Structures are given as C-alpha cells and as structure tokens.
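Data block for model.cif (mmCIF, C-alpha atoms):
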data_coords
#
loop_
_atom_site.group_PDB
_atom_site.id
_atom_site.type_symbol
_atom_site.label_atom_id
_atom_site.label_comp_id
_atom_site.auth_asym_id
_atom_site.auth_seq_id
_atom_site.Cartn_x
_atom_site.Cartn_y
_atom_site.Cartn_z
ATOM 1 C CA ARG U 232 -11.134 -17.940 -13.512
ATOM 2 C CA ALA U 233 -8.719 -19.131 -10.839
ATOM 3 C CA TRP U 234 -10.599 -17.430 -8.000
ATOM 4 C CA ARG U 235 -13.856 -19.147 -9.011
ATOM 5 C CA ALA U 236 -12.023 -22.469 -9.033
ATOM 6 C CA ALA U 237 -10.648 -21.731 -5.562
ATOM 7 C CA ARG U 238 -14.122 -21.004 -4.215
ATOM 8 C CA ALA U 239 -15.523 -24.133 -5.805
ATOM 9 C CA ALA U 240 -12.688 -26.211 -4.359
ATOM 10 C CA LEU U 241 -13.358 -24.802 -0.889
ATOM 11 C CA ALA U 242 -17.065 -25.560 -1.211
ATOM 12 C CA ASP U 243 -16.281 -29.155 -2.216
ATOM 13 C CA ALA U 244 -13.787 -29.535 0.625
ATOM 14 C CA THR U 245 -16.319 -28.174 3.105
ATOM 15 C CA LEU U 246 -18.897 -30.707 1.957
ATOM 16 C CA ALA U 247 -16.245 -33.390 2.403
ATOM 17 C CA GLY U 248 -15.760 -32.363 6.029
ATOM 18 C CA LEU U 249 -13.112 -29.644 5.956
ATOM 19 C CA GLN U 250 -13.641 -27.329 8.892
ATOM 20 C CA ARG U 251 -14.044 -23.689 8.055
ATOM 21 C CA ASN U 252 -11.516 -21.491 9.819
ATOM 22 C CA VAL U 253 -9.913 -18.080 9.375
ATOM 23 C CA VAL U 254 -6.848 -19.481 7.596
ATOM 24 C CA VAL U 255 -8.852 -21.425 5.009
ATOM 25 C CA LEU U 256 -11.233 -18.556 4.312
ATOM 26 C CA SER U 257 -8.343 -16.080 4.103
ATOM 27 C CA ALA U 258 -6.772 -18.248 1.404
ATOM 28 C CA GLU U 259 -10.029 -18.123 -0.556
ATOM 29 C CA MET U 260 -10.166 -14.343 -0.125
ATOM 30 C CA ALA U 261 -6.582 -14.028 -1.351
ATOM 31 C CA ALA U 262 -7.435 -15.989 -4.497
ATOM 32 C CA CYS U 263 -10.401 -13.691 -5.128
ATOM 33 C CA GLY U 264 -8.270 -10.603 -4.611
ATOM 34 C CA LYS U 265 -5.571 -11.759 -7.004
ATOM 35 C CA GLY U 266 -8.265 -12.493 -9.562
ATOM 36 C CA GLY U 267 -9.582 -8.939 -9.334
ATOM 37 C CA ALA U 268 -12.762 -10.036 -7.564
ATOM 38 C CA TRP U 269 -12.409 -7.582 -4.661
ATOM 39 C CA GLU U 270 -16.105 -7.739 -3.780
ATOM 40 C CA ALA U 271 -15.945 -11.516 -3.426
ATOM 41 C CA ALA U 272 -12.883 -11.116 -1.226
ATOM 42 C CA LEU U 273 -14.754 -8.711 1.046
ATOM 43 C CA ASP U 274 -17.649 -11.166 1.231
ATOM 44 C CA GLY U 275 -15.186 -13.500 2.911
ATOM 45 C CA LEU U 276 -14.978 -11.213 5.941
ATOM 46 C CA GLY U 277 -18.759 -11.194 6.239
ATOM 47 C CA ASN U 278 -18.868 -14.972 5.897
ATOM 48 C CA MET U 279 -16.357 -15.369 8.709
ATOM 49 C CA ARG U 280 -18.562 -13.399 11.061
ATOM 50 C CA CYS U 281 -21.680 -15.290 9.951
ATOM 51 C CA TRP U 282 -19.928 -18.546 10.865
ATOM 52 C CA GLY U 283 -18.853 -17.239 14.251
ATOM 53 C CA LEU U 284 -15.248 -16.572 13.297
ATOM 54 C CA GLU U 285 -13.335 -13.418 14.164
ATOM 55 C CA PRO U 286 -11.193 -12.051 11.303
ATOM 56 C CA ASP U 287 -7.598 -11.544 12.400
ATOM 57 C CA VAL U 288 -5.048 -9.019 11.126
ATOM 58 C CA PHE U 289 -4.002 -11.389 8.321
ATOM 59 C CA ALA U 290 -7.577 -11.812 7.049
ATOM 60 C CA CYS U 291 -8.171 -8.061 7.188
ATOM 61 C CA GLY U 292 -4.871 -7.520 5.380
ATOM 62 C CA VAL U 293 -5.998 -9.856 2.605
ATOM 63 C CA ALA U 294 -9.209 -7.849 2.253
ATOM 64 C CA VAL U 295 -7.262 -4.578 2.107
ATOM 65 C CA SER U 296 -4.940 -6.032 -0.538
ATOM 66 C CA ALA U 297 -7.980 -7.006 -2.595
ATOM 67 C CA CYS U 298 -9.158 -3.389 -2.399
ATOM 68 C CA GLU U 299 -5.710 -2.290 -3.531
ATOM 69 C CA GLN U 300 -5.990 -4.569 -6.554
ATOM 70 C CA GLY U 301 -9.427 -3.129 -7.296
ATOM 71 C CA ARG U 302 -8.315 0.485 -6.631
ATOM 72 C CA ARG U 303 -11.031 0.866 -3.990
ATOM 73 C CA TRP U 304 -9.248 3.320 -1.729
ATOM 74 C CA ALA U 305 -12.337 4.388 0.238
ATOM 75 C CA THR U 306 -13.229 0.771 1.002
ATOM 76 C CA ALA U 307 -9.641 0.042 2.047
ATOM 77 C CA ALA U 308 -9.661 3.071 4.364
ATOM 78 C CA ALA U 309 -12.990 1.944 5.835
ATOM 79 C CA LEU U 310 -11.565 -1.514 6.499
ATOM 80 C CA LEU U 311 -8.622 0.039 8.299
ATOM 81 C CA GLY U 312 -10.983 2.085 10.460
ATOM 82 C CA GLY U 313 -13.087 -1.022 11.129
ATOM 83 C CA MET U 314 -10.035 -2.941 12.323
ATOM 84 C CA GLN U 315 -9.247 -0.264 14.873
ATOM 85 C CA HIS U 316 -12.884 -0.163 16.005
ATOM 86 C CA GLU U 317 -12.874 -3.948 16.507
ATOM 87 C CA LYS U 318 -9.535 -3.764 18.334
ATOM 88 C CA VAL U 319 -7.658 -5.675 15.640
ATOM 89 C CA GLU U 320 -4.332 -3.853 15.566
ATOM 90 C CA PRO U 321 -3.317 -3.230 11.940
ATOM 91 C CA ASN U 322 0.345 -3.875 11.227
ATOM 92 C CA VAL U 323 2.616 -1.849 8.972
ATOM 93 C CA ILE U 324 1.893 -4.155 6.005
ATOM 94 C CA VAL U 325 -1.851 -3.475 6.195
ATOM 95 C CA ARG U 326 -1.326 0.256 6.654
ATOM 96 C CA ASN U 327 1.100 0.355 3.721
ATOM 97 C CA ALA U 328 -1.474 -1.386 1.520
ATOM 98 C CA VAL U 329 -4.105 1.239 2.397
ATOM 99 C CA LEU U 330 -1.558 4.003 1.848
ATOM 100 C CA SER U 331 -0.616 2.564 -1.552
ATOM 101 C CA THR U 332 -4.285 2.315 -2.540
ATOM 102 C CA CYS U 333 -4.818 5.998 -1.697
ATOM 103 C CA ALA U 334 -1.668 6.944 -3.595
ATOM 104 C CA SER U 335 -2.732 5.002 -6.690
ATOM 105 C CA ALA U 336 -6.060 6.840 -6.640
ATOM 106 C CA LYS U 337 -4.192 10.147 -6.037
ATOM 107 C CA LYS U 338 -6.167 10.703 -2.834
ATOM 108 C CA TRP U 339 -3.783 12.991 -1.004
ATOM 109 C CA SER U 340 -5.983 13.613 2.066
ATOM 110 C CA GLY U 341 -6.703 9.917 2.539
ATOM 111 C CA ALA U 342 -3.034 9.008 2.336
ATOM 112 C CA MET U 343 -2.074 11.730 4.818
ATOM 113 C CA THR U 344 -4.732 10.448 7.224
ATOM 114 C CA VAL U 345 -3.253 6.948 7.028
ATOM 115 C CA LEU U 346 0.263 8.313 7.483
ATOM 116 C CA GLY U 347 -0.871 10.351 10.481
ATOM 117 C CA GLY U 348 -2.397 7.215 11.980
ATOM 118 C CA MET U 349 0.872 5.349 11.515
ATOM 119 C CA ARG U 350 2.783 8.058 13.332
ATOM 120 C CA ALA U 351 0.202 8.210 16.124
ATOM 121 C CA ALA U 352 0.452 4.437 16.544
ATOM 122 C CA LEU U 353 4.256 4.750 16.605
ATOM 123 C CA CYS U 354 4.541 2.427 13.611
ATOM 124 C CA GLU U 355 8.036 2.098 12.237
ATOM 125 C CA LEU U 356 7.890 3.593 8.754
ATOM 126 C CA SER U 357 9.337 1.292 6.122
ATOM 127 C CA ILE U 358 11.039 2.036 2.827
ATOM 128 C CA MET U 359 7.732 1.163 1.132
ATOM 129 C CA THR U 360 5.884 3.682 3.295
ATOM 130 C CA CYS U 361 8.297 6.501 2.490
ATOM 131 C CA SER U 362 8.473 5.624 -1.208
ATOM 132 C CA THR U 363 4.678 5.646 -1.447
ATOM 133 C CA VAL U 364 4.433 9.037 0.259
ATOM 134 C CA ILE U 365 7.091 10.493 -2.034
ATOM 135 C CA ARG U 366 5.352 9.022 -5.093
ATOM 136 C CA LEU U 367 2.106 10.662 -3.990
ATOM 137 C CA GLN U 368 3.914 13.979 -3.711
ATOM 138 C CA ALA U 369 5.266 13.815 -7.259
ATOM 139 C CA THR U 370 3.245 16.842 -8.329
ATOM 140 C CA GLU U 371 4.145 20.416 -9.160
ATOM 141 C CA GLU U 372 2.736 21.766 -5.895
ATOM 142 C CA HIS U 373 4.186 19.082 -3.595
ATOM 143 C CA TRP U 374 7.717 18.533 -4.917
ATOM 144 C CA ARG U 375 9.247 20.282 -1.900
ATOM 145 C CA SER U 376 7.435 17.874 0.426
ATOM 146 C CA ALA U 377 8.763 14.931 -1.592
ATOM 147 C CA LEU U 378 12.360 16.105 -1.198
ATOM 148 C CA ALA U 379 11.778 16.794 2.498
ATOM 149 C CA ALA U 380 10.494 13.230 2.930
ATOM 150 C CA LEU U 381 13.615 11.880 1.199
ATOM 151 C CA ARG U 382 15.850 13.949 3.472
ATOM 152 C CA ALA U 383 13.986 12.694 6.532
ATOM 153 C CA LEU U 384 14.427 9.146 5.298
ATOM 154 C CA ARG U 385 18.180 9.585 4.902
ATOM 155 C CA ALA U 386 18.418 11.255 8.314
ATOM 156 C CA GLY U 387 16.957 8.118 9.866
ATOM 157 C CA SER U 388 18.215 4.576 9.681
ATOM 158 C CA LEU U 389 16.553 3.707 6.371
ATOM 159 C CA GLU U 390 18.444 3.547 3.102
ATOM 160 C CA PRO U 391 16.526 4.926 0.101
ATOM 161 C CA ALA U 392 15.765 2.316 -2.561
ATOM 162 C CA HIS U 393 15.536 2.683 -6.340
ATOM 163 C CA ALA U 394 11.791 3.239 -6.064
ATOM 164 C CA THR U 395 12.338 5.994 -3.492
ATOM 165 C CA PHE U 396 14.807 7.885 -5.671
ATOM 166 C CA THR U 397 12.649 7.381 -8.754
ATOM 167 C CA ALA U 398 9.628 8.870 -6.962
ATOM 168 C CA ALA U 399 11.674 11.832 -5.720
ATOM 169 C CA ILE U 400 13.132 12.470 -9.187
ATOM 170 C CA ALA U 401 9.635 12.316 -10.678
ATOM 171 C CA ALA U 402 8.574 14.936 -8.110
ATOM 172 C CA CYS U 403 11.467 17.175 -9.197
ATOM 173 C CA ASP U 404 10.414 16.709 -12.818
ATOM 174 C CA ALA U 405 6.818 17.654 -11.977
ATOM 175 C CA GLY U 406 8.067 20.768 -10.226
ATOM 176 C CA ARG U 407 10.462 21.546 -13.093
ATOM 177 C CA ARG U 408 13.421 21.280 -10.733
ATOM 178 C CA TRP U 409 15.797 19.596 -13.130
ATOM 179 C CA ALA U 410 18.926 20.615 -11.235
ATOM 180 C CA SER U 411 17.537 18.863 -8.161
ATOM 181 C CA ALA U 412 16.759 15.772 -10.252
ATOM 182 C CA LEU U 413 20.336 15.664 -11.539
ATOM 183 C CA GLY U 414 21.555 16.142 -7.984
ATOM 184 C CA LEU U 415 19.582 13.062 -6.907
ATOM 185 C CA LEU U 416 21.125 11.050 -9.737
ATOM 186 C CA GLN U 417 24.550 12.123 -8.500
ATOM 187 C CA LEU U 418 23.569 11.171 -4.952
ATOM 188 C CA MET U 419 22.565 7.697 -6.173
ATOM 189 C CA SER U 420 25.969 7.354 -7.809
ATOM 190 C CA ASP U 421 27.729 8.484 -4.619
ATOM 191 C CA MET U 422 25.764 5.874 -2.665
ATOM 192 C CA ALA U 423 26.696 3.177 -5.211
ATOM 193 C CA THR U 424 23.023 2.859 -6.148
ATOM 194 C CA LEU U 425 23.084 2.710 -9.919
ATOM 195 C CA PRO U 426 20.036 4.306 -11.593
ATOM 196 C CA ASN U 427 17.891 1.871 -13.582
ATOM 197 C CA LEU U 428 15.941 2.592 -16.755
ATOM 198 C CA ILE U 429 12.847 3.762 -14.864
ATOM 199 C CA THR U 430 14.906 6.189 -12.790
ATOM 200 C CA CYS U 431 16.660 7.622 -15.829
ATOM 201 C CA THR U 432 13.333 7.996 -17.646
ATOM 202 C CA ALA U 433 11.936 9.959 -14.697
ATOM 203 C CA ALA U 434 14.925 12.293 -14.849
ATOM 204 C CA ALA U 435 14.787 12.754 -18.627
#
Same coordinates, now as structure tokens:
Amino acid sequence: RAWRAARAALADATLAGLQRNVVVLSAEMAACGKGGAWEAALDGLGNMRCWGLEPDVFACGVAVSACEQGRRWATAAALLGGMQHEKVEPNVIVRNAVLSTCASAKKWSGAMTVLGGMRAALCELSIMTCSTVIRLQATEEHWRSALAALRALRAGSLEPAHATFTAAIAACDAGRRWASALGLLQLMSDMATLPNLITCTAAA
C-alpha cells in the first residue's frame, strides 16, 4: 500500500539524516489517512509528542481528515476537543472535517455541538459548513430546519452551491414536501444555477 511505502521511505530518510519535524510527519500522516489507515495517522500525533514536537493546526487537521476517511466521528470530535485544550486554535477547515464526519455517521447531536462551537468561536461559516448541516437535516423530522438553514444562507453573503441545493431538496423529499422541492429547482433556475443529475435525482 502507498501509505506503507510512505512510512518506509520516511524511516529510510530518517536513517540517512533527515530531521524529523512536524511538516515531514504530517505528510506521513496524510499518506496514512488517504490509504484508510486512520489509526496509523493518529499514531503520528503521538510520535510527534514523543520526539518533543508540538502538533500544529495543520497536523491536527490531517489527523481529523484521517478520522473522516475512517468514519471515526467520536475520535474526530475528541481530537477537536484536544486541540482546544492544548490551545491549538482549530480553523474552519478542521471544524468542517469534524462536522462532515459526524454528518456521515448521522450523529446529529455531535454535529450540532461542533456547529455550536463554531458559532461560539465566531467562525465564518462556509458553503461547505452550511451544505453539511443541511445534508444532516435531510430527514423527515428535520426538513424544516434544512430549509431554514438554506434561507439563512441566502440572507447572508454566501451563495448556495449545487451541493447545498441538492441537500435541501433531499430534505424536502424526506419530508414529502415535493412542492417545496420543485420550488427549490425553480429557485436554482432563477439564480442561473442549472440543476445537475444528482440534484434532479434528489427531486425525483
């Protein structure tokens, strides 16, 4: 596997005199994460501390992304909490990754906790943030919240993307609100945002 090759290459380079640092170890962690070896990626954080290195926001973000790949939402949430405890300020990219991991696992409470933390930290919510929240709300009982989130997005300075509309239409479908779904398709047309195949499938 590619991640095993990356670790072996780092070990060889270290023996040849390459100095271990956060950047080098983060690259190894990223390779592990992309290869689905989330546990090996997390080991990288422990190794940094063992070697007297302090993981920065990028290294922690790599670890969170590895958890996202491995669908380990609880571990990702714990990493986020650990960053705040160690006074490493998580950026919106890291928070979005944790939010996405919770959404993929359909962990509503976990996602809302992350979102609440973003608001408390005055993080600027991105299109990805809003789309993820709407996707999480694509259920029969939460379709109203999904539409409210879309309205809030449009009321701000952010322009809804295809993924945002698709998530909102899927929420309408889950709530059996087909008229609302058709209304969103019309809104996309009015905004010159042409629906793609995924969007049309969600509305079907």
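Counting all atoms listed in the file, Arg280 (chain U) has the following residues at most 12 Å away, ignoring those fewer than 3 positions along the same chain: Arg251, Asn252, Val253, Leu256, Leu273, Asp274, Gly275, Leu276, Gly277, Gly283, Leu284, Glu285, Pro286, Asp287 and Ala290 of chain U.
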Can you tell me how far CA of Glu259 (chain U) sits from CA of Val295 (chain U), in Å to one decimal?
14.1 Å
Find the residue from U:Arg408, U:Arg303, U:Arg366, U:Arg326 that sits nearest to Gly347 (chain U); use only C-alpha atoms when measuring.
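Among the listed residues, the smallest separation from Gly347 (chain U) belongs to U:Arg326.
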Which polymer residues have any atom within 8 Å of an atom of Ala297 (chain U), counting all atoms listed in the file, with same-chain residues fewer than 4 positions away left out, as a ChimeraX atom specification?
/U:261,263-265,267-269,272-273,293,301
Okay, now the selection with C-alpha atoms, as a PDB file, in the coordinates of the input?
ATOM      1  CA  ALA U 261      -6.582 -14.028  -1.351  1.00  0.00           C
ATOM      2  CA  CYS U 263     -10.401 -13.691  -5.128  1.00  0.00           C
ATOM      3  CA  GLY U 264      -8.270 -10.603  -4.611  1.00  0.00           C
ATOM      4  CA  LYS U 265      -5.571 -11.759  -7.004  1.00  0.00           C
ATOM      5  CA  GLY U 267      -9.582  -8.939  -9.334  1.00  0.00           C
ATOM      6  CA  ALA U 268     -12.762 -10.036  -7.564  1.00  0.00           C
ATOM      7  CA  TRP U 269     -12.409  -7.582  -4.661  1.00  0.00           C
ATOM      8  CA  ALA U 272     -12.883 -11.116  -1.226  1.00  0.00           C
ATOM      9  CA  LEU U 273     -14.754  -8.711   1.046  1.00  0.00           C
ATOM     10  CA  VAL U 293      -5.998  -9.856   2.605  1.00  0.00           C
ATOM     11  CA  GLY U 301      -9.427  -3.129  -7.296  1.00  0.00           C
TER      12      GLY U 301
END
Run through the PyMOL selection byres ((chain U and resi 340) around 12) on the given coordinates and return the selected residues as a list in words.
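That selection, the PyMOL selection byres ((chain U and resi 340) around 12), comes back as Trp304, Ala305, Ala308, Leu330, Cys333, Ala334, Ala336, Lys337, Lys338, Trp339, Gly341, Ala342, Met343, Thr344, Val345, Leu346, Gly347, Val364, Leu367 and Gln368 of chain U.
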So how far away is CA of Gly313 (chain U) from CA of Ser357 (chain U), in Å?
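Between CA of Ser357 (chain U) and CA of Gly313 (chain U) the gap is 23.1 Å.
Here the PyMOL selection byres ((chain U and resi 323) around 8) matches the residues Pro321, Asn322, Ile324, Val325, Arg326, Asn327, Met349, Cys354, Glu355, Leu356 and Ser357 of chain U.
Taking CA of Gly266 (chain U) as the reference point, CA of Val254 (chain U) is found at 18.6 Å.
Each of U:Ala405, U:Met422, U:Leu353, U:Leu310 was compared to Ser296 (chain U) using all atoms listed in the file, and U:Leu310 turns out to be the nearest.
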Expanded to explicit residues, what is the PyMOL selection byres ((chain U and resi 377-383) around 6) for this file, as a PDB file with C-alpha atoms, in the frame of the given file?
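Output below, filename result-v5.pdb:
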ATOM      1  CA  ILE U 365       7.091  10.493  -2.034  1.00  0.00           C
ATOM      2  CA  GLN U 368       3.914  13.979  -3.711  1.00  0.00           C
ATOM      3  CA  TRP U 374       7.717  18.533  -4.917  1.00  0.00           C
ATOM      4  CA  ARG U 375       9.247  20.282  -1.900  1.00  0.00           C
ATOM      5  CA  SER U 376       7.435  17.874   0.426  1.00  0.00           C
ATOM      6  CA  LEU U 384      14.427   9.146   5.298  1.00  0.00           C
ATOM      7  CA  ARG U 385      18.180   9.585   4.902  1.00  0.00           C
ATOM      8  CA  ALA U 386      18.418  11.255   8.314  1.00  0.00           C
ATOM      9  CA  ALA U 399      11.674  11.832  -5.720  1.00  0.00           C
TER      10      ALA U 399
END
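Using all atoms listed in the file, the shortest contact distance between Ala398 (chain U) and any of U:Thr363, U:Gln250, U:Ser411, U:Ser335 is found at U:Thr363.
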Shortest interatomic distance to Val319 (chain U) - which of U:Phe396, U:Ala307, U:Ser331, U:Val288, counting only C-alpha atoms:
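Closest to Val319 (chain U), using only C-alpha atoms: U:Val288.
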Shortest interatomic distance to Cys291 (chain U) - which of U:Cys361, U:Ala351, U:Val329, U:Met314, counting only C-alpha atoms
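Closest to Cys291 (chain U) of all the choices is U:Met314.
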Smallest atom-to-atom distance to Glu390 (chain U): which of U:Glu372, U:Met359, U:Ala402, U:Ala271, using all atoms listed in the file?
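Of U:Glu372, U:Met359, U:Ala402, U:Ala271, the one nearest Glu390 (chain U), counting all atoms listed in the file, is U:Met359.
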